[in-house]
Amino acid sequence: MPEDNLPTPSATDATPHVRRKRYSGKNPRRFEEKYKEHGSDAATLAKVIASGKTPAGTHRPIMVPEILAVLAPQPGEIAADCTLGYGGHTQELLARLAPGGRLVGLDTDPIELPKTVERLRALGFGEAVFTAHRTNYAGLPQVLSGLGIEGADMILADLGISSMQIDDPTRGFSVKMDGPLDMRMNPQRGVPASVLLQKTKTDALATMLELNADEPNAVKLSLTLAEQHYATTRQLAEAIRATLPYLGKEDADLTVRRVFQALRIAVNDEFSALDMFLRNLPFCLKPGGRVAILTFHSGEDRRVKKAFDAGYYDGTYSDIAKSVGRPTPEEQHSNPRSAPAKLRWAVRAKA
Ligand SMILES: C[S@@+](CC[C@H](N)C(=O)[O-])C[C@H]1O[C@@H](n2cnc3c(N)ncnc32)[C@H](O)[C@@H]1O
C-alpha cells in the first residue's frame, strides 16, 4: 500500500492530469488554500508528500509495517483501533482481516470522525466489517461489550493528535498558525485551553508544565502565564517567548511546543484516559491477543512501559516489547512528524 493510502501516480493511470491549484505565492500559505490539496490529483499529493509534508486535511499513518508485524492481523479476526484518526492504520488492518473479520474504530473527535467514516465507507468497508464510535478510548470495554465482543484479537492505539487536528488553526493546536486557544479534541466537552489557563494558579501550572512536558523553565513560565487570558495561540506563544527573552530561536520554539503540549494534555485529560485504557486493556483482549501502542512523548511512553512491565511480571502478558521500536531513518526523513514516535507492544497470556 502506498504511504498515507493516497493513490500513487502510475504510467498506466488513465485519469487526466489536473493542474495544481493556483495560490497568490509560490506555495499555499493559508490553511483554507492548503486544504484544497486534499481534493487534488495524485501527482500533486505525491509531490507534497515527497517534500516531507502532509497534505492538508490528511494524516500519514506511522510505522505501518512495524505495527502490522506486531499485530499480525489474520482473516476472520477482530481488531479495535482506539484512535481512528484518518483511518490510515485501520485501512491497512481491514484489508488483512477479510474475509470474515471486523474492526471497531474509536475516536473522540466529532469533527474528523464523520469524514473518516465516509472515506472508509467509500473504500467499500461496510457496517458488517467496520463500525465507528465517537467515544474516549477509556471506554473501550463498554464499546466492545455493547457489540457483544468478549475480547479483541488485536488492539491499536496511536496516541496524541492527528495532522488534520494540528493543521487546522481553528482547532487551536497549532504553534505556527494563529487561531483560538482551544485544543479540545472534542470541542463539545470540557473547556478550551484559554479558559483552563485563566483558571490555573501558579503552583498548579508549574506542576502541569513539569509533569506533562518536562519543561525546565516551568516555574518561571508559570509566574507569567498563570491565571492570564490569552484568546489566541499566537498571543500565548508571544507571552512564552517574552518570558524567556534570552533563549535562542530554537530553544524558544521548543519551549512554546512544550507549553502547548502540556496544556493540550491537561485540556483533554489525556493521562487519565491513558491510565484507564492501560488498566482495562487485558480485559479487552482475547487470550493470545496483541496490543500495539504508539506514543509521542516521555509522559506517555513511561506509562505504557510501566503497565506492560507490570503485566509481564504478574503473568497478564506472556510477552512484551524488550525495547522500544522507532521509525526507520527513511520514515523519519520522509515524514518528520513520525520522528518522536515510540512503539511498544504486548501479548495477552493464554491461560
Ligand atoms: C495520531 S491520531 C491517529 C491517526 C491514525 N492512526 C491514522 O492512521 O490516521 C490520534 C487520534 O486519536 C484521537 N484521540 C486522542 N485521544 C483520544 C481518546 N482519549 N479517546 C479517543 N480518541 C482519542 C484523536 O482525536 C486523533 O484523531
# chains A, B, ... in the order shown; residues from 1 in each chain; ligands from 1
call {"tool": "residues_near_ligand", "arguments": {"ligand": "ligand 1", "cutoff": "8 Å", "atoms": "only C-alpha atoms and all ligand atoms", "output": "PDB file with N, CA and C atoms, in the first residue's frame"}}
result
ATOM      1  N   ASP A   4       0.238   6.674   3.423  1.00  0.00           N
ATOM      2  CA  ASP A   4      -0.882   7.596   3.540  1.00  0.00           C
ATOM      3  C   ASP A   4      -2.105   7.131   2.769  1.00  0.00           C
ATOM      4  N   THR A  58      -5.269  15.590   5.726  1.00  0.00           N
ATOM      5  CA  THR A  58      -4.984  14.152   5.730  1.00  0.00           C
ATOM      6  C   THR A  58      -4.040  13.837   6.896  1.00  0.00           C
ATOM      7  N   HIS A  59      -3.732  12.562   7.061  1.00  0.00           N
ATOM      8  CA  HIS A  59      -2.778  12.138   8.105  1.00  0.00           C
ATOM      9  C   HIS A  59      -2.007  10.960   7.546  1.00  0.00           C
ATOM     10  N   ARG A  60      -0.702  10.941   7.760  1.00  0.00           N
ATOM     11  CA  ARG A  60       0.104   9.826   7.236  1.00  0.00           C
ATOM     12  C   ARG A  60       0.344   8.823   8.365  1.00  0.00           C
ATOM     13  N   PRO A  61      -0.153   7.601   8.226  1.00  0.00           N
ATOM     14  CA  PRO A  61      -0.004   6.626   9.320  1.00  0.00           C
ATOM     15  C   PRO A  61       1.466   6.300   9.553  1.00  0.00           C
ATOM     16  N   ILE A  62       1.823   6.136  10.818  1.00  0.00           N
ATOM     17  CA  ILE A  62       3.229   5.979  11.213  1.00  0.00           C
ATOM     18  C   ILE A  62       3.542   4.517  11.546  1.00  0.00           C
ATOM     19  N   ASP A  81      -9.284  -0.330  16.735  1.00  0.00           N
ATOM     20  CA  ASP A  81      -8.376   0.813  16.556  1.00  0.00           C
ATOM     21  C   ASP A  81      -8.939   1.929  17.429  1.00  0.00           C
ATOM     22  N   CYS A  82      -8.238   2.195  18.532  1.00  0.00           N
ATOM     23  CA  CYS A  82      -8.782   3.107  19.550  1.00  0.00           C
ATOM     24  C   CYS A  82      -8.587   4.565  19.193  1.00  0.00           C
ATOM     25  N   THR A  83      -7.790   4.835  18.181  1.00  0.00           N
ATOM     26  CA  THR A  83      -7.510   6.214  17.759  1.00  0.00           C
ATOM     27  C   THR A  83      -7.605   6.255  16.231  1.00  0.00           C
ATOM     28  N   LEU A  84      -8.831   6.224  15.767  1.00  0.00           N
ATOM     29  CA  LEU A  84      -9.088   6.046  14.328  1.00  0.00           C
ATOM     30  C   LEU A  84      -8.431   7.125  13.465  1.00  0.00           C
ATOM     31  N   GLY A  85      -8.517   8.388  13.884  1.00  0.00           N
ATOM     32  CA  GLY A  85      -7.900   9.486  13.135  1.00  0.00           C
ATOM     33  C   GLY A  85      -8.362   9.525  11.698  1.00  0.00           C
ATOM     34  N   TYR A  86      -7.420   9.476  10.766  1.00  0.00           N
ATOM     35  CA  TYR A  86      -7.728   9.497   9.332  1.00  0.00           C
ATOM     36  C   TYR A  86      -8.096   8.094   8.826  1.00  0.00           C
ATOM     37  N   GLY A  87      -7.845   7.100   9.677  1.00  0.00           N
ATOM     38  CA  GLY A  87      -8.161   5.724   9.288  1.00  0.00           C
ATOM     39  C   GLY A  87      -7.040   5.040   8.521  1.00  0.00           C
ATOM     40  N   GLY A  88      -5.840   5.609   8.567  1.00  0.00           N
ATOM     41  CA  GLY A  88      -4.716   5.039   7.818  1.00  0.00           C
ATOM     42  C   GLY A  88      -4.346   3.641   8.297  1.00  0.00           C
ATOM     43  N   HIS A  89      -4.166   3.477   9.619  1.00  0.00           N
ATOM     44  CA  HIS A  89      -3.847   2.144  10.137  1.00  0.00           C
ATOM     45  C   HIS A  89      -5.048   1.207   9.969  1.00  0.00           C
ATOM     46  N   THR A  90      -6.235   1.759  10.223  1.00  0.00           N
ATOM     47  CA  THR A  90      -7.449   0.946  10.101  1.00  0.00           C
ATOM     48  C   THR A  90      -7.582   0.353   8.713  1.00  0.00           C
ATOM     49  N   LEU A 106     -12.530   3.728  17.269  1.00  0.00           N
ATOM     50  CA  LEU A 106     -12.949   4.732  18.262  1.00  0.00           C
ATOM     51  C   LEU A 106     -12.207   6.030  17.997  1.00  0.00           C
ATOM     52  N   ASP A 107     -12.887   7.134  18.197  1.00  0.00           N
ATOM     53  CA  ASP A 107     -12.205   8.424  18.211  1.00  0.00           C
ATOM     54  C   ASP A 107     -13.115   9.419  18.909  1.00  0.00           C
ATOM     55  N   THR A 108     -12.481  10.326  19.625  1.00  0.00           N
ATOM     56  CA  THR A 108     -13.253  11.281  20.414  1.00  0.00           C
ATOM     57  C   THR A 108     -13.609  12.539  19.625  1.00  0.00           C
ATOM     58  N   ASP A 109     -13.080  12.665  18.416  1.00  0.00           N
ATOM     59  CA  ASP A 109     -13.206  13.917  17.656  1.00  0.00           C
ATOM     60  C   ASP A 109     -14.472  13.931  16.772  1.00  0.00           C
ATOM     61  N   GLU A 112     -13.669  15.300  12.828  1.00  0.00           N
ATOM     62  CA  GLU A 112     -12.977  14.480  11.833  1.00  0.00           C
ATOM     63  C   GLU A 112     -13.603  13.090  11.659  1.00  0.00           C
ATOM     64  N   LEU A 113     -14.224  12.573  12.725  1.00  0.00           N
ATOM     65  CA  LEU A 113     -14.711  11.180  12.649  1.00  0.00           C
ATOM     66  C   LEU A 113     -15.683  10.939  11.477  1.00  0.00           C
ATOM     67  N   ARG A 134     -17.870   7.344  18.377  1.00  0.00           N
ATOM     68  CA  ARG A 134     -17.281   8.594  18.837  1.00  0.00           C
ATOM     69  C   ARG A 134     -17.245   8.577  20.361  1.00  0.00           C
ATOM     70  N   THR A 135     -16.134   8.106  20.850  1.00  0.00           N
ATOM     71  CA  THR A 135     -16.023   7.972  22.301  1.00  0.00           C
ATOM     72  C   THR A 135     -14.555   7.950  22.717  1.00  0.00           C
ATOM     73  N   ASN A 136     -14.325   8.222  23.978  1.00  0.00           N
ATOM     74  CA  ASN A 136     -12.983   8.176  24.542  1.00  0.00           C
ATOM     75  C   ASN A 136     -12.540   6.712  24.639  1.00  0.00           C
ATOM     76  N   TYR A 137     -11.262   6.430  24.349  1.00  0.00           N
ATOM     77  CA  TYR A 137     -10.828   5.024  24.396  1.00  0.00           C
ATOM     78  C   TYR A 137     -10.781   4.472  25.810  1.00  0.00           C
ATOM     79  N   ALA A 138     -10.906   5.357  26.806  1.00  0.00           N
ATOM     80  CA  ALA A 138     -11.016   4.859  28.185  1.00  0.00           C
ATOM     81  C   ALA A 138     -12.264   3.983  28.309  1.00  0.00           C
ATOM     82  N   ALA A 157      -3.445   1.588  19.542  1.00  0.00           N
ATOM     83  CA  ALA A 157      -3.657   2.984  19.967  1.00  0.00           C
ATOM     84  C   ALA A 157      -2.464   3.799  19.475  1.00  0.00           C
ATOM     85  N   ASP A 158      -2.758   4.831  18.703  1.00  0.00           N
ATOM     86  CA  ASP A 158      -1.740   5.723  18.120  1.00  0.00           C
ATOM     87  C   ASP A 158      -2.037   7.081  18.761  1.00  0.00           C
ATOM     88  N   LEU A 159      -1.329   7.353  19.883  1.00  0.00           N
ATOM     89  CA  LEU A 159      -1.764   8.425  20.783  1.00  0.00           C
ATOM     90  C   LEU A 159      -1.545   9.834  20.207  1.00  0.00           C
ATOM     91  N   GLY A 160      -2.153  10.798  20.887  1.00  0.00           N
ATOM     92  CA  GLY A 160      -1.932  12.193  20.514  1.00  0.00           C
ATOM     93  C   GLY A 160      -2.948  12.687  19.505  1.00  0.00           C
ATOM     94  N   ILE A 161      -2.507  13.668  18.707  1.00  0.00           N
ATOM     95  CA  ILE A 161      -3.456  14.291  17.781  1.00  0.00           C
ATOM     96  C   ILE A 161      -3.050  13.992  16.334  1.00  0.00           C
ATOM     97  N   SER A 162      -4.036  14.147  15.453  1.00  0.00           N
ATOM     98  CA  SER A 162      -3.806  13.850  14.038  1.00  0.00           C
ATOM     99  C   SER A 162      -3.310  15.100  13.314  1.00  0.00           C
ATOM    100  N   SER A 163      -2.787  14.892  12.124  1.00  0.00           N
ATOM    101  CA  SER A 163      -2.356  16.039  11.310  1.00  0.00           C
ATOM    102  C   SER A 163      -3.543  16.940  10.970  1.00  0.00           C
ATOM    103  N   GLN A 165      -5.983  17.644  12.849  1.00  0.00           N
ATOM    104  CA  GLN A 165      -6.235  18.498  14.014  1.00  0.00           C
ATOM    105  C   GLN A 165      -5.149  19.570  14.153  1.00  0.00           C
ATOM    106  N   MET A 185      -9.875  18.034  21.654  1.00  0.00           N
ATOM    107  CA  MET A 185     -10.103  17.045  20.584  1.00  0.00           C
ATOM    108  C   MET A 185     -11.601  16.897  20.359  1.00  0.00           C
ATOM    109  N   ASN A 186     -12.360  17.001  21.445  1.00  0.00           N
ATOM    110  CA  ASN A 186     -13.814  17.019  21.323  1.00  0.00           C
ATOM    111  C   ASN A 186     -14.304  18.378  21.816  1.00  0.00           C
ATOM    112  N   ASN A 268      -7.381  17.942  27.560  1.00  0.00           N
ATOM    113  CA  ASN A 268      -8.056  16.705  27.143  1.00  0.00           C
ATOM    114  C   ASN A 268      -7.943  15.585  28.177  1.00  0.00           C
ATOM    115  N   GLU A 270      -5.530  13.796  29.085  1.00  0.00           N
ATOM    116  CA  GLU A 270      -5.005  12.666  28.316  1.00  0.00           C
ATOM    117  C   GLU A 270      -4.408  11.567  29.179  1.00  0.00           C
ATOM    118  N   ALA A 273      -7.103   9.333  30.746  1.00  0.00           N
ATOM    119  CA  ALA A 273      -7.676   8.414  29.746  1.00  0.00           C
ATOM    120  C   ALA A 273      -6.700   7.275  29.459  1.00  0.00           C
ATOM    121  N   LEU A 274      -5.411   7.613  29.323  1.00  0.00           N
ATOM    122  CA  LEU A 274      -4.412   6.580  29.016  1.00  0.00           C
ATOM    123  C   LEU A 274      -4.280   5.596  30.178  1.00  0.00           C
TER     124      LEU A 274
END
call {"tool": "residues_around", "arguments": {"residues": "Ile293 (chain A)", "least_positions_apart": "2", "cutoff": "7 Å", "atoms": "only C-alpha atoms", "output": "PyMOL selection string"}}
result
chain A and resi 156-158+291+295+343-345
call {"tool": "write_last_selection", "arguments": {"atoms": "N, CA and C atoms", "output": "PDB file, in the first residue's frame"}}
result
ATOM      1  N   LEU A 156      -5.069  -1.462  18.760  1.00  0.00           N
ATOM      2  CA  LEU A 156      -4.066  -0.452  18.394  1.00  0.00           C
ATOM      3  C   LEU A 156      -4.443   0.882  19.023  1.00  0.00           C
ATOM      4  N   ALA A 157      -3.445   1.588  19.542  1.00  0.00           N
ATOM      5  CA  ALA A 157      -3.657   2.984  19.967  1.00  0.00           C
ATOM      6  C   ALA A 157      -2.464   3.799  19.475  1.00  0.00           C
ATOM      7  N   ASP A 158      -2.758   4.831  18.703  1.00  0.00           N
ATOM      8  CA  ASP A 158      -1.740   5.723  18.120  1.00  0.00           C
ATOM      9  C   ASP A 158      -2.037   7.081  18.761  1.00  0.00           C
ATOM     10  N   VAL A 291      -1.458  -6.202  21.473  1.00  0.00           N
ATOM     11  CA  VAL A 291      -1.725  -4.758  21.538  1.00  0.00           C
ATOM     12  C   VAL A 291      -0.471  -4.009  21.113  1.00  0.00           C
ATOM     13  N   THR A 295       3.501   6.033  21.031  1.00  0.00           N
ATOM     14  CA  THR A 295       3.486   7.216  21.893  1.00  0.00           C
ATOM     15  C   THR A 295       4.380   8.298  21.274  1.00  0.00           C
ATOM     16  N   LEU A 343       7.177   2.818  19.640  1.00  0.00           N
ATOM     17  CA  LEU A 343       6.209   1.718  19.577  1.00  0.00           C
ATOM     18  C   LEU A 343       6.497   0.688  20.666  1.00  0.00           C
ATOM     19  N   ARG A 344       5.458   0.352  21.427  1.00  0.00           N
ATOM     20  CA  ARG A 344       5.578  -0.752  22.393  1.00  0.00           C
ATOM     21  C   ARG A 344       4.427  -1.720  22.145  1.00  0.00           C
ATOM     22  N   TRP A 345       4.640  -2.984  22.449  1.00  0.00           N
ATOM     23  CA  TRP A 345       3.593  -3.983  22.225  1.00  0.00           C
ATOM     24  C   TRP A 345       3.587  -5.006  23.359  1.00  0.00           C
TER      25      TRP A 345
END
call {"tool": "residues_around", "arguments": {"residues": "region 179-184 of chain A", "least_positions_apart": "4", "cutoff": "8 Å", "atoms": "only C-alpha atoms", "output": "list of chain:residue names"}}
result
A:Pro169, A:Thr170, A:Arg171, A:Gly172, A:Phe173, A:Ser174, A:Arg189, A:Gly190, A:Val191, A:Pro192, A:Ala193, A:Ser194, A:Tyr230, A:Ala231, A:Thr232, A:Thr233, A:Arg234, A:Arg264, A:Val267, A:Asn268
call {"tool": "write_last_selection", "arguments": {"atoms": "C-alpha atoms", "output": "CSV table (one decimal), in the first residue's frame"}}
result
chain,number,residue,atom,x,y,z
A,169,PRO,CA,-5.9,26.6,13.0
A,170,THR,CA,-9.5,26.8,14.1
A,171,ARG,CA,-8.8,23.8,16.4
A,172,GLY,CA,-6.2,25.8,18.4
A,173,PHE,CA,-3.4,23.2,18.4
A,174,SER,CA,-1.1,25.0,16.1
A,189,ARG,CA,-16.7,18.7,26.1
A,190,GLY,CA,-14.6,20.4,28.7
A,191,VAL,CA,-13.2,23.9,28.5
A,192,PRO,CA,-10.8,25.4,25.9
A,193,ALA,CA,-7.1,26.0,26.8
A,194,SER,CA,-7.7,29.7,27.2
A,230,TYR,CA,-4.8,34.6,26.0
A,231,ALA,CA,-7.5,34.4,23.4
A,232,THR,CA,-5.3,33.1,20.6
A,233,THR,CA,-2.4,30.7,20.0
A,234,ARG,CA,-0.2,33.5,18.8
A,264,ARG,CA,-3.2,20.1,25.4
A,267,VAL,CA,-7.3,20.2,28.4
A,268,ASN,CA,-8.1,16.7,27.1
call {"tool": "select_by_dssp", "arguments": {"residues": "region 75-240 of chain A", "states": "strand (DSSP E)", "output": "PyMOL selection string"}}
result
chain A and resi 78-81+102-107+130-134+152-158
call {"tool": "write_last_selection", "arguments": {"atoms": "N, CA and C atoms", "output": "PDB file, in the first residue's frame"}}
result
ATOM      1  N   ILE A  78     -10.799 -10.083  14.982  1.00  0.00           N
ATOM      2  CA  ILE A  78     -11.441  -8.836  15.427  1.00  0.00           C
ATOM      3  C   ILE A  78     -10.377  -7.862  15.909  1.00  0.00           C
ATOM      4  N   ALA A  79     -10.440  -6.625  15.389  1.00  0.00           N
ATOM      5  CA  ALA A  79      -9.473  -5.592  15.784  1.00  0.00           C
ATOM      6  C   ALA A  79     -10.204  -4.399  16.376  1.00  0.00           C
ATOM      7  N   ALA A  80      -9.512  -3.696  17.279  1.00  0.00           N
ATOM      8  CA  ALA A  80     -10.022  -2.397  17.756  1.00  0.00           C
ATOM      9  C   ALA A  80      -8.939  -1.361  17.494  1.00  0.00           C
ATOM     10  N   ASP A  81      -9.284  -0.330  16.735  1.00  0.00           N
ATOM     11  CA  ASP A  81      -8.376   0.813  16.556  1.00  0.00           C
ATOM     12  C   ASP A  81      -8.939   1.929  17.429  1.00  0.00           C
ATOM     13  N   ARG A 102     -13.480  -8.164  11.413  1.00  0.00           N
ATOM     14  CA  ARG A 102     -14.112  -6.845  11.585  1.00  0.00           C
ATOM     15  C   ARG A 102     -13.227  -5.950  12.441  1.00  0.00           C
ATOM     16  N   LEU A 103     -13.464  -4.651  12.308  1.00  0.00           N
ATOM     17  CA  LEU A 103     -12.681  -3.677  13.097  1.00  0.00           C
ATOM     18  C   LEU A 103     -13.628  -2.686  13.750  1.00  0.00           C
ATOM     19  N   VAL A 104     -13.359  -2.423  15.013  1.00  0.00           N
ATOM     20  CA  VAL A 104     -14.128  -1.455  15.790  1.00  0.00           C
ATOM     21  C   VAL A 104     -13.241  -0.215  15.932  1.00  0.00           C
ATOM     22  N   GLY A 105     -13.704   0.922  15.427  1.00  0.00           N
ATOM     23  CA  GLY A 105     -12.890   2.141  15.466  1.00  0.00           C
ATOM     24  C   GLY A 105     -13.441   3.142  16.468  1.00  0.00           C
ATOM     25  N   LEU A 106     -12.530   3.728  17.269  1.00  0.00           N
ATOM     26  CA  LEU A 106     -12.949   4.732  18.262  1.00  0.00           C
ATOM     27  C   LEU A 106     -12.207   6.030  17.997  1.00  0.00           C
ATOM     28  N   ASP A 107     -12.887   7.134  18.197  1.00  0.00           N
ATOM     29  CA  ASP A 107     -12.205   8.424  18.211  1.00  0.00           C
ATOM     30  C   ASP A 107     -13.115   9.419  18.909  1.00  0.00           C
ATOM     31  N   PHE A 130     -16.813  -2.816   9.575  1.00  0.00           N
ATOM     32  CA  PHE A 130     -16.229  -1.647  10.251  1.00  0.00           C
ATOM     33  C   PHE A 130     -17.319  -0.806  10.912  1.00  0.00           C
ATOM     34  N   THR A 131     -17.197  -0.609  12.228  1.00  0.00           N
ATOM     35  CA  THR A 131     -18.112   0.315  12.912  1.00  0.00           C
ATOM     36  C   THR A 131     -17.273   1.390  13.595  1.00  0.00           C
ATOM     37  N   ALA A 132     -17.811   2.607  13.630  1.00  0.00           N
ATOM     38  CA  ALA A 132     -17.086   3.726  14.231  1.00  0.00           C
ATOM     39  C   ALA A 132     -17.849   4.228  15.453  1.00  0.00           C
ATOM     40  N   HIS A 133     -17.101   4.599  16.483  1.00  0.00           N
ATOM     41  CA  HIS A 133     -17.731   5.012  17.745  1.00  0.00           C
ATOM     42  C   HIS A 133     -17.064   6.284  18.232  1.00  0.00           C
ATOM     43  N   ARG A 134     -17.870   7.344  18.377  1.00  0.00           N
ATOM     44  CA  ARG A 134     -17.281   8.594  18.837  1.00  0.00           C
ATOM     45  C   ARG A 134     -17.245   8.577  20.361  1.00  0.00           C
ATOM     46  N   ALA A 152     -10.916  -8.657  21.886  1.00  0.00           N
ATOM     47  CA  ALA A 152     -10.402  -8.427  20.532  1.00  0.00           C
ATOM     48  C   ALA A 152      -9.135  -9.258  20.331  1.00  0.00           C
ATOM     49  N   ASP A 153      -8.868  -9.604  19.071  1.00  0.00           N
ATOM     50  CA  ASP A 153      -7.605 -10.292  18.753  1.00  0.00           C
ATOM     51  C   ASP A 153      -6.450  -9.312  18.739  1.00  0.00           C
ATOM     52  N   MET A 154      -6.765  -8.056  18.446  1.00  0.00           N
ATOM     53  CA  MET A 154      -5.690  -7.047  18.432  1.00  0.00           C
ATOM     54  C   MET A 154      -6.270  -5.671  18.742  1.00  0.00           C
ATOM     55  N   ILE A 155      -5.445  -4.868  19.397  1.00  0.00           N
ATOM     56  CA  ILE A 155      -5.846  -3.504  19.751  1.00  0.00           C
ATOM     57  C   ILE A 155      -4.702  -2.569  19.386  1.00  0.00           C
ATOM     58  N   LEU A 156      -5.069  -1.462  18.760  1.00  0.00           N
ATOM     59  CA  LEU A 156      -4.066  -0.452  18.394  1.00  0.00           C
ATOM     60  C   LEU A 156      -4.443   0.882  19.023  1.00  0.00           C
ATOM     61  N   ALA A 157      -3.445   1.588  19.542  1.00  0.00           N
ATOM     62  CA  ALA A 157      -3.657   2.984  19.967  1.00  0.00           C
ATOM     63  C   ALA A 157      -2.464   3.799  19.475  1.00  0.00           C
ATOM     64  N   ASP A 158      -2.758   4.831  18.703  1.00  0.00           N
ATOM     65  CA  ASP A 158      -1.740   5.723  18.120  1.00  0.00           C
ATOM     66  C   ASP A 158      -2.037   7.081  18.761  1.00  0.00           C
TER      67      ASP A 158
END
call {"tool": "atom_distance", "arguments": {"atom1": "CA of Pro329 (chain A)", "atom2": "CA of Lys47 (chain A)"}}
result
20.0 Å
call {"tool": "closest_residue", "arguments": {"among": "A:Asp269, A:Asp178, A:Glu330, A:Glu77", "to": "Asn212 (chain A)", "atoms": "only C-alpha atoms"}}
result
A:Asp269
call {"tool": "residues_around", "arguments": {"residues": "Ala226 (chain A)", "least_positions_apart": "5", "cutoff": "6 Å", "atoms": "only C-alpha atoms", "output": "number ranges by chain"}}
result
A: 200-202
call {"tool": "closest_residue", "arguments": {"among": "A:Gln142, A:Ser323, A:Ser222, A:Thr44", "to": "Asn280 (chain A)", "atoms": "only C-alpha atoms"}}
result
A:Gln142
call {"tool": "closest_residue", "arguments": {"among": "A:Ala242, A:Leu196, A:Leu254, A:Ala292", "to": "Val64 (chain A)", "atoms": "only C-alpha atoms"}}
result
A:Ala292
call {"tool": "residues_around", "arguments": {"residues": "Gly289 (chain A)", "least_positions_apart": "3", "cutoff": "9 Å", "atoms": "only C-alpha atoms", "output": "list of chain:residue names"}}
result
A:Leu71, A:Gly151, A:Ala152, A:Asp153, A:Met154, A:Ile155, A:Pro282, A:Cys284, A:Leu285, A:Lys286, A:Ala346, A:Val347, A:Arg348, A:Ala349, A:Lys350
call {"tool": "write_last_selection", "arguments": {"atoms": "C-alpha atoms", "output": "short mmCIF file (atom, residue, chain, number, x, y, z; two decimals), in the first residue's frame"}}
result
data_model
loop_
_atom_site.label_atom_id
_atom_site.label_comp_id
_atom_site.auth_asym_id
_atom_site.auth_seq_id
_atom_site.Cartn_x
_atom_site.Cartn_y
_atom_site.Cartn_z
CA LEU A 71 -0.49 -7.18 15.40
CA GLY A 151 -12.28 -9.78 23.54
CA ALA A 152 -10.40 -8.43 20.53
CA ASP A 153 -7.61 -10.29 18.75
CA MET A 154 -5.69 -7.05 18.43
CA ILE A 155 -5.85 -3.50 19.75
CA PRO A 282 -6.09 -7.01 29.44
CA CYS A 284 -10.43 -6.20 26.25
CA LEU A 285 -8.02 -8.72 24.69
CA LYS A 286 -8.67 -12.38 23.95
CA ALA A 346 2.36 -6.80 24.45
CA VAL A 347 0.68 -10.21 24.06
CA ARG A 348 -2.10 -11.31 26.46
CA ALA A 349 -1.23 -14.56 28.22
CA LYS A 350 -3.22 -17.61 27.08
#
call {"tool": "atom_distance", "arguments": {"atom1": "CA of Ala239 (chain A)", "atom2": "CA of Val175 (chain A)"}}
result
12.5 Å
